[in-house]
Each structure stands twice: as structure tokens, then as C-alpha cells.
>>> print(open('target-v1.pdb').read())   # PDB, C-alpha atoms, pLDDT in the B column
MODEL        1
ATOM      1  CA  SER A   1       0.000   0.000   0.000  1.00 76.00           C
ATOM      2  CA  ASN A   2       3.059   2.291   0.253  1.00 83.00           C
ATOM      3  CA  PRO A   3       3.752   4.090  -3.045  1.00 82.00           C
ATOM      4  CA  ALA A   4       7.478   4.301  -2.281  1.00 84.00           C
ATOM      5  CA  ALA A   5       7.607   0.507  -2.119  1.00 86.00           C
ATOM      6  CA  TRP A   6       6.687   0.480  -5.807  1.00 87.00           C
ATOM      7  CA  ALA A   7       8.517   3.598  -6.982  1.00 89.00           C
ATOM      8  CA  TRP A   8      12.007   2.846  -5.677  1.00 89.00           C
ATOM      9  CA  PRO A   9      12.447  -0.614  -7.273  1.00 91.00           C
ATOM     10  CA  MET A  10      11.127   0.747 -10.562  1.00 90.00           C
ATOM     11  CA  ALA A  11      13.511   3.722 -10.355  1.00 90.00           C
ATOM     12  CA  LEU A  12      16.412   1.400  -9.624  1.00 90.00           C
ATOM     13  CA  ALA A  13      15.608  -0.627 -12.730  1.00 90.00           C
ATOM     14  CA  VAL A  14      15.444   2.534 -14.847  1.00 90.00           C
ATOM     15  CA  ALA A  15      18.706   3.823 -13.339  1.00 87.00           C
ATOM     16  CA  CYS A  16      20.512   0.794 -14.776  1.00 88.00           C
ATOM     17  CA  ALA A  17      19.958   2.064 -18.329  1.00 85.00           C
ATOM     18  CA  PRO A  18      23.020   3.585 -20.014  1.00 81.00           C
ATOM     19  CA  VAL A  19      21.091   6.782 -20.801  1.00 79.00           C
ATOM     20  CA  ILE A  20      17.815   7.871 -19.259  1.00 85.00           C
ATOM     21  CA  TYR A  21      15.411   9.936 -21.307  1.00 85.00           C
ATOM     22  CA  PRO A  22      12.473  11.775 -19.716  1.00 87.00           C
ATOM     23  CA  TRP A  23       9.855   9.399 -21.100  1.00 88.00           C
ATOM     24  CA  TYR A  24      11.474   6.527 -19.172  1.00 88.00           C
ATOM     25  CA  LEU A  25      10.391   8.148 -15.904  1.00 88.00           C
ATOM     26  CA  LEU A  26       6.729   8.416 -16.859  1.00 87.00           C
ATOM     27  CA  TYR A  27       6.174   5.021 -15.256  1.00 86.00           C
ATOM     28  CA  LEU A  28       7.089   6.517 -11.878  1.00 87.00           C
ATOM     29  CA  THR A  29       4.579   9.379 -11.905  1.00 87.00           C
ATOM     30  CA  PRO A  30       1.651   7.514 -10.293  1.00 87.00           C
ATOM     31  CA  PHE A  31       3.825   6.861  -7.227  1.00 86.00           C
ATOM     32  CA  LEU A  32       5.350  10.327  -6.752  1.00 86.00           C
ATOM     33  CA  PHE A  33       3.083  11.815  -4.116  1.00 84.00           C
ATOM     34  CA  THR A  34       4.833  10.998  -0.840  1.00 83.00           C
ATOM     35  CA  THR A  35       7.848  12.557   0.856  1.00 82.00           C
ATOM     36  CA  ALA A  36       9.675   9.225   0.589  1.00 84.00           C
ATOM     37  CA  THR A  37       9.782   9.711  -3.174  1.00 88.00           C
ATOM     38  CA  LEU A  38      11.063  13.306  -3.057  1.00 90.00           C
ATOM     39  CA  PRO A  39      14.406  12.359  -4.717  1.00 90.00           C
ATOM     40  CA  LEU A  40      12.490  10.645  -7.519  1.00 91.00           C
ATOM     41  CA  ILE A  41      10.399  13.775  -8.001  1.00 91.00           C
ATOM     42  CA  ALA A  42      13.625  15.771  -8.301  1.00 92.00           C
ATOM     43  CA  TRP A  43      14.967  13.218 -10.797  1.00 91.00           C
ATOM     44  CA  SER A  44      11.783  13.441 -12.866  1.00 90.00           C
ATOM     45  CA  LEU A  45      12.310  17.194 -13.141  1.00 91.00           C
ATOM     46  CA  SER A  46      16.093  17.189 -13.561  1.00 91.00           C
ATOM     47  CA  VAL A  47      15.868  14.809 -16.521  1.00 91.00           C
ATOM     48  CA  ILE A  48      13.918  17.304 -18.651  1.00 91.00           C
ATOM     49  CA  PRO A  49      17.031  19.083 -20.072  1.00 91.00           C
ATOM     50  CA  VAL A  50      17.960  15.788 -21.759  1.00 89.00           C
ATOM     51  CA  TYR A  51      15.616  16.865 -24.555  1.00 90.00           C
ATOM     52  CA  ILE A  52      18.536  18.997 -25.801  1.00 91.00           C
ATOM     53  CA  VAL A  53      19.632  15.874 -27.662  1.00 90.00           C
ATOM     54  CA  TRP A  54      16.833  16.560 -30.171  1.00 89.00           C
ATOM     55  CA  ASP A  55      18.280  19.989 -30.974  1.00 91.00           C
ATOM     56  CA  ILE A  56      21.780  18.559 -31.256  1.00 92.00           C
ATOM     57  CA  ALA A  57      20.606  15.840 -33.655  1.00 91.00           C
ATOM     58  CA  ARG A  58      18.545  18.306 -35.672  1.00 93.00           C
ATOM     59  CA  ALA A  59      21.649  20.486 -36.114  1.00 93.00           C
ATOM     60  CA  GLY A  60      23.565  17.502 -37.522  1.00 93.00           C
ATOM     61  CA  GLY A  61      25.274  16.389 -34.316  1.00 92.00           C
ATOM     62  CA  ARG A  62      25.388  12.934 -32.761  1.00 91.00           C
ATOM     63  CA  TRP A  63      22.446  11.609 -30.810  1.00 88.00           C
ATOM     64  CA  ALA A  64      24.246  11.884 -27.492  1.00 87.00           C
ATOM     65  CA  VAL A  65      23.360  13.617 -24.269  1.00 88.00           C
ATOM     66  CA  PRO A  66      26.044  16.145 -23.262  1.00 91.00           C
ATOM     67  CA  THR A  67      28.055  15.170 -20.197  1.00 91.00           C
ATOM     68  CA  GLY A  68      27.097  18.330 -18.318  1.00 92.00           C
ATOM     69  CA  VAL A  69      23.398  17.612 -18.768  1.00 91.00           C
ATOM     70  CA  MET A  70      23.829  14.036 -17.553  1.00 89.00           C
ATOM     71  CA  ALA A  71      25.853  15.244 -14.550  1.00 92.00           C
ATOM     72  CA  ALA A  72      23.075  17.665 -13.576  1.00 91.00           C
ATOM     73  CA  GLU A  73      20.457  14.963 -14.120  1.00 89.00           C
ATOM     74  CA  TYR A  74      22.068  12.805 -11.434  1.00 89.00           C
ATOM     75  CA  ALA A  75      23.556  15.492  -9.182  1.00 93.00           C
ATOM     76  CA  ILE A  76      20.246  17.159  -8.392  1.00 93.00           C
ATOM     77  CA  PRO A  77      18.533  13.999  -7.047  1.00 91.00           C
ATOM     78  CA  CYS A  78      21.703  13.123  -5.097  1.00 92.00           C
ATOM     79  CA  LEU A  79      21.641  16.563  -3.479  1.00 94.00           C
ATOM     80  CA  VAL A  80      17.966  16.081  -2.618  1.00 92.00           C
ATOM     81  CA  VAL A  81      18.789  12.709  -1.004  1.00 90.00           C
ATOM     82  CA  ALA A  82      21.593  14.322   1.014  1.00 93.00           C
ATOM     83  CA  GLY A  83      19.345  17.202   2.049  1.00 92.00           C
ATOM     84  CA  THR A  84      16.552  14.844   3.054  1.00 88.00           C
ATOM     85  CA  VAL A  85      18.880  12.679   5.146  1.00 88.00           C
ATOM     86  CA  LEU A  86      20.381  15.770   6.791  1.00 90.00           C
ATOM     87  CA  HIS A  87      16.913  17.123   7.547  1.00 87.00           C
ATOM     88  CA  LEU A  88      15.813  13.812   9.098  1.00 84.00           C
ATOM     89  CA  CYS A  89      18.975  13.619  11.217  1.00 86.00           C
ATOM     90  CA  ARG A  90      18.456  17.165  12.504  1.00 87.00           C
ATOM     91  CA  GLN A  91      14.799  16.447  13.204  1.00 84.00           C
ATOM     92  CA  ARG A  92      15.689  13.357  15.242  1.00 82.00           C
ATOM     93  CA  ALA A  93      18.432  15.212  17.099  1.00 82.00           C
ATOM     94  CA  ARG A  94      15.965  17.954  18.093  1.00 84.00           C
ATOM     95  CA  ALA A  95      13.492  15.343  19.280  1.00 80.00           C
ATOM     96  CA  GLY A  96      16.182  13.726  21.437  1.00 76.00           C
ATOM     97  CA  GLU A  97      16.117  10.425  19.570  1.00 66.00           C
ATOM     98  CA  PRO A  98      19.446   8.621  19.330  1.00 65.00           C
ATOM     99  CA  LEU A  99      21.005   8.490  15.874  1.00 60.00           C
ATOM    100  CA  GLU A 100      21.818   4.820  15.614  1.00 65.00           C
ATOM    101  CA  PRO A 101      22.964   3.054  12.478  1.00 65.00           C
ATOM    102  CA  PRO A 102      20.372   0.754  10.929  1.00 63.00           C
ATOM    103  CA  GLN A 103      20.461  -2.801  12.184  1.00 66.00           C
ATOM    104  CA  PRO A 104      21.112  -5.586   9.682  1.00 67.00           C
ATOM    105  CA  CYS A 105      18.207  -7.806   8.747  1.00 61.00           C
ATOM    106  CA  ARG A 106      18.191 -11.109  10.498  1.00 64.00           C
ATOM    107  CA  THR A 107      16.883 -14.111   8.663  1.00 62.00           C
ATOM    108  CA  ARG A 108      15.443 -17.148  10.284  1.00 62.00           C
ATOM    109  CA  ARG A 109      17.145 -20.382   9.590  1.00 61.00           C
ATOM    110  CA  THR A 110      14.921 -23.399   9.422  1.00 61.00           C
ATOM    111  CA  VAL A 111      16.257 -26.870   9.659  1.00 54.00           C
TER     112      VAL A 111
ENDMDL
END
>>> encode(input="target-v1.pdb", output="C-alpha cells")
Amino acid sequence: SNPAAWAWPMALAVACAPVIYPWYLLYLTPFLFTTATLPLIAWSLSVIPVYIVWDIARAGGRWAVPTGVMAAEYAIPCLVVAGTVLHLCRQRARAGEPLEPPQPCRTRRTV
């Protein structure tokens, strides 16, 4: 029932593509309405400048996304992730909650 539980695995699968065009992220839009998907919202917006490849190709250039555009496409969501984590850490520190590292998952062994 959690939209982030669907959005993040789909985003991870899309992120494995060598180049990501804006229409690849359309599949994520139904799940982008929670704060847990804020980095994916940023990614959906930061990917829009990739359309410059159409102008480059129309002018006779190669169909290739410029490195600067790809760097911005990934840097913006990474900055949003860092900002979100920093905000959550500050929020917990103000509330007096200890900042403990996440515990590893323990699996049950059946014999």
C-alpha cells in the first residue's frame, strides 16, 4: 500500500539504463506523491534538459546527451537525497532520539 515501495524498485531498474530519457520516468509518476519519493520527483524534473539531444541531432550532431546535462540529471537527485537525510537527522536530534545506524536484517534459519 506504500507508493514508495513500488517507486524505488522501478527507479532502480530505470537507473541501470546507459542513458535515461524523460519518457522513461513516466512510469514513476503515479507513485510520486509521498515525501519518501522526493528524490524521484527531483529526478523526474532534472531529466527534462535531456531533450537537448533533439536539438543537437537536428543540427547535424550525434544523438548523445552532453556530459554536463547528464551530470546535472544525477547530481540534483543526489543533493535532494543528502538534504533529506540531513533534515531527518536534525529532526531526530531535536526530538532527542538517538542516531543509531540501521540494524542488519536477520533471517530465520529453518532446519
>>> closest_residue(input="target-v1.pdb", among="A:Pro39, A:Gly96, A:Pro9, A:Gly60", to="A:Tyr27", atoms="all atoms listed in the file")
A:Pro9
>>> axis_aligned_box(input="target-v1.pdb", around="stretch 40-51 of chain A", padding_each_side="8 Å", output="JSON")
{"center_x": 14.2, "center_y": 14.9, "center_z": -16.0, "size_x": 23.6, "size_y": 24.4, "size_z": 33.0}
>>> resolve_selection(input="target-v1.pdb", expression="the PyMOL selection byres ((chain A and resi 77) around 9)", output="list in words")
Leu38, Pro39, Leu40, Ile41, Ala42, Trp43, Ser44, Ser46, Ala72, Glu73, Tyr74, Ala75, Ile76, Cys78, Leu79, Val80, Val81 and Ala82 of chain A
>>> closest_residue(input="target-v1.pdb", among="A:Trp8, A:Ala59, A:Ser1, A:Val65", to="A:Tyr21", atoms="all atoms listed in the file")
A:Val65
>>> residues_around(input="target-v1.pdb", residues="A:Met10", least_positions_apart="3", cutoff="12 Å", atoms="all atoms listed in the file", output="JSON, numbers by chain")
{"A": [3, 4, 5, 6, 7, 13, 14, 15, 16, 17, 24, 25, 26, 27, 28, 29, 30, 31, 32, 37, 40]}
>>> resolve_selection(input="target-v1.pdb", expression="the PyMOL selection byres ((chain A and resi 51) around 12)", output="number ranges by chain")
A: 20-23, 45-50, 52-58, 63-66, 69-70, 73
>>> atom_distance(input="target-v1.pdb", atom1="atom CA of A:Val19", atom2="atom CA of A:Thr34")
26.1 Å
>>> atom_distance(input="target-v1.pdb", atom1="atom CA of A:Phe33", atom2="atom CA of A:Arg90")
23.3 Å
>>> atom_distance(input="target-v1.pdb", atom1="atom CA of A:Asn2", atom2="atom CA of A:Ala95")
25.3 Å
>>> build_atoms(input="target-v1.pdb", residues="stretch 65-76 of chain A", atoms="all heavy atoms", output="PDB file, in the coordinates of the input")
ATOM      1  N   VAL A  65      23.653  12.636 -25.307  1.00 88.00           N
ATOM      2  CA  VAL A  65      23.360  13.617 -24.269  1.00 88.00           C
ATOM      3  C   VAL A  65      24.687  14.209 -23.793  1.00 88.00           C
ATOM      4  O   VAL A  65      25.611  13.462 -23.468  1.00 88.00           O
ATOM      5  CB  VAL A  65      22.606  12.967 -23.098  1.00 88.00           C
ATOM      6  CG1 VAL A  65      22.328  13.976 -22.009  1.00 88.00           C
ATOM      7  CG2 VAL A  65      21.315  12.338 -23.585  1.00 88.00           C
ATOM      8  N   PRO A  66      24.804  15.540 -23.747  1.00 91.00           N
ATOM      9  CA  PRO A  66      26.044  16.145 -23.262  1.00 91.00           C
ATOM     10  C   PRO A  66      26.348  15.743 -21.817  1.00 91.00           C
ATOM     11  O   PRO A  66      25.437  15.551 -21.005  1.00 91.00           O
ATOM     12  CB  PRO A  66      25.768  17.649 -23.357  1.00 91.00           C
ATOM     13  CG  PRO A  66      24.677  17.780 -24.353  1.00 91.00           C
ATOM     14  CD  PRO A  66      23.860  16.534 -24.230  1.00 91.00           C
ATOM     15  N   THR A  67      27.623  15.622 -21.521  1.00 91.00           N
ATOM     16  CA  THR A  67      28.055  15.170 -20.197  1.00 91.00           C
ATOM     17  C   THR A  67      27.555  16.091 -19.092  1.00 91.00           C
ATOM     18  O   THR A  67      27.147  15.616 -18.032  1.00 91.00           O
ATOM     19  CB  THR A  67      29.594  15.074 -20.154  1.00 91.00           C
ATOM     20  OG1 THR A  67      30.022  14.259 -21.234  1.00 91.00           O
ATOM     21  CG2 THR A  67      30.072  14.472 -18.856  1.00 91.00           C
ATOM     22  N   GLY A  68      27.569  17.385 -19.332  1.00 92.00           N
ATOM     23  CA  GLY A  68      27.097  18.330 -18.318  1.00 92.00           C
ATOM     24  C   GLY A  68      25.631  18.142 -17.975  1.00 92.00           C
ATOM     25  O   GLY A  68      25.231  18.257 -16.819  1.00 92.00           O
ATOM     26  N   VAL A  69      24.832  17.838 -18.985  1.00 91.00           N
ATOM     27  CA  VAL A  69      23.398  17.612 -18.768  1.00 91.00           C
ATOM     28  C   VAL A  69      23.194  16.329 -17.962  1.00 91.00           C
ATOM     29  O   VAL A  69      22.388  16.294 -17.027  1.00 91.00           O
ATOM     30  CB  VAL A  69      22.636  17.551 -20.110  1.00 91.00           C
ATOM     31  CG1 VAL A  69      21.192  17.144 -19.916  1.00 91.00           C
ATOM     32  CG2 VAL A  69      22.717  18.886 -20.818  1.00 91.00           C
ATOM     33  N   MET A  70      23.954  15.290 -18.308  1.00 89.00           N
ATOM     34  CA  MET A  70      23.829  14.036 -17.553  1.00 89.00           C
ATOM     35  C   MET A  70      24.309  14.211 -16.114  1.00 89.00           C
ATOM     36  O   MET A  70      23.724  13.640 -15.186  1.00 89.00           O
ATOM     37  CB  MET A  70      24.600  12.914 -18.246  1.00 89.00           C
ATOM     38  CG  MET A  70      23.873  12.391 -19.464  1.00 89.00           C
ATOM     39  SD  MET A  70      24.677  11.002 -20.243  1.00 89.00           S
ATOM     40  CE  MET A  70      24.585   9.762 -19.000  1.00 89.00           C
ATOM     41  N   ALA A  71      25.354  14.998 -15.912  1.00 92.00           N
ATOM     42  CA  ALA A  71      25.853  15.244 -14.550  1.00 92.00           C
ATOM     43  C   ALA A  71      24.787  15.950 -13.711  1.00 92.00           C
ATOM     44  O   ALA A  71      24.543  15.583 -12.558  1.00 92.00           O
ATOM     45  CB  ALA A  71      27.129  16.060 -14.601  1.00 92.00           C
ATOM     46  N   ALA A  72      24.133  16.954 -14.299  1.00 91.00           N
ATOM     47  CA  ALA A  72      23.075  17.665 -13.576  1.00 91.00           C
ATOM     48  C   ALA A  72      21.879  16.753 -13.315  1.00 91.00           C
ATOM     49  O   ALA A  72      21.264  16.815 -12.248  1.00 91.00           O
ATOM     50  CB  ALA A  72      22.625  18.888 -14.372  1.00 91.00           C
ATOM     51  N   GLU A  73      21.590  15.887 -14.270  1.00 89.00           N
ATOM     52  CA  GLU A  73      20.457  14.963 -14.120  1.00 89.00           C
ATOM     53  C   GLU A  73      20.612  14.097 -12.877  1.00 89.00           C
ATOM     54  O   GLU A  73      19.643  13.804 -12.189  1.00 89.00           O
ATOM     55  CB  GLU A  73      20.347  14.087 -15.361  1.00 89.00           C
ATOM     56  CG  GLU A  73      19.299  13.017 -15.266  1.00 89.00           C
ATOM     57  CD  GLU A  73      19.352  12.036 -16.429  1.00 89.00           C
ATOM     58  OE1 GLU A  73      20.057  12.291 -17.428  1.00 89.00           O
ATOM     59  OE2 GLU A  73      18.687  10.999 -16.326  1.00 89.00           O
ATOM     60  N   TYR A  74      21.837  13.675 -12.593  1.00 89.00           N
ATOM     61  CA  TYR A  74      22.068  12.805 -11.434  1.00 89.00           C
ATOM     62  C   TYR A  74      22.464  13.582 -10.188  1.00 89.00           C
ATOM     63  O   TYR A  74      22.197  13.143  -9.071  1.00 89.00           O
ATOM     64  CB  TYR A  74      23.144  11.765 -11.765  1.00 89.00           C
ATOM     65  CG  TYR A  74      22.663  10.752 -12.760  1.00 89.00           C
ATOM     66  CD1 TYR A  74      23.067  10.810 -14.086  1.00 89.00           C
ATOM     67  CD2 TYR A  74      21.777   9.758 -12.392  1.00 89.00           C
ATOM     68  CE1 TYR A  74      22.621   9.900 -15.017  1.00 89.00           C
ATOM     69  CE2 TYR A  74      21.307   8.843 -13.311  1.00 89.00           C
ATOM     70  CZ  TYR A  74      21.743   8.921 -14.622  1.00 89.00           C
ATOM     71  OH  TYR A  74      21.281   8.008 -15.527  1.00 89.00           O
ATOM     72  N   ALA A  75      23.103  14.724 -10.344  1.00 93.00           N
ATOM     73  CA  ALA A  75      23.556  15.492  -9.182  1.00 93.00           C
ATOM     74  C   ALA A  75      22.384  16.061  -8.390  1.00 93.00           C
ATOM     75  O   ALA A  75      22.401  16.050  -7.157  1.00 93.00           O
ATOM     76  CB  ALA A  75      24.491  16.612  -9.627  1.00 93.00           C
ATOM     77  N   ILE A  76      21.381  16.548  -9.083  1.00 93.00           N
ATOM     78  CA  ILE A  76      20.246  17.159  -8.392  1.00 93.00           C
ATOM     79  C   ILE A  76      19.521  16.152  -7.492  1.00 93.00           C
ATOM     80  O   ILE A  76      19.294  16.430  -6.310  1.00 93.00           O
ATOM     81  CB  ILE A  76      19.293  17.833  -9.400  1.00 93.00           C
ATOM     82  CG1 ILE A  76      20.001  19.053 -10.008  1.00 93.00           C
ATOM     83  CG2 ILE A  76      17.969  18.231  -8.758  1.00 93.00           C
ATOM     84  CD1 ILE A  76      19.289  19.674 -11.180  1.00 93.00           C
TER      85      ILE A  76
END
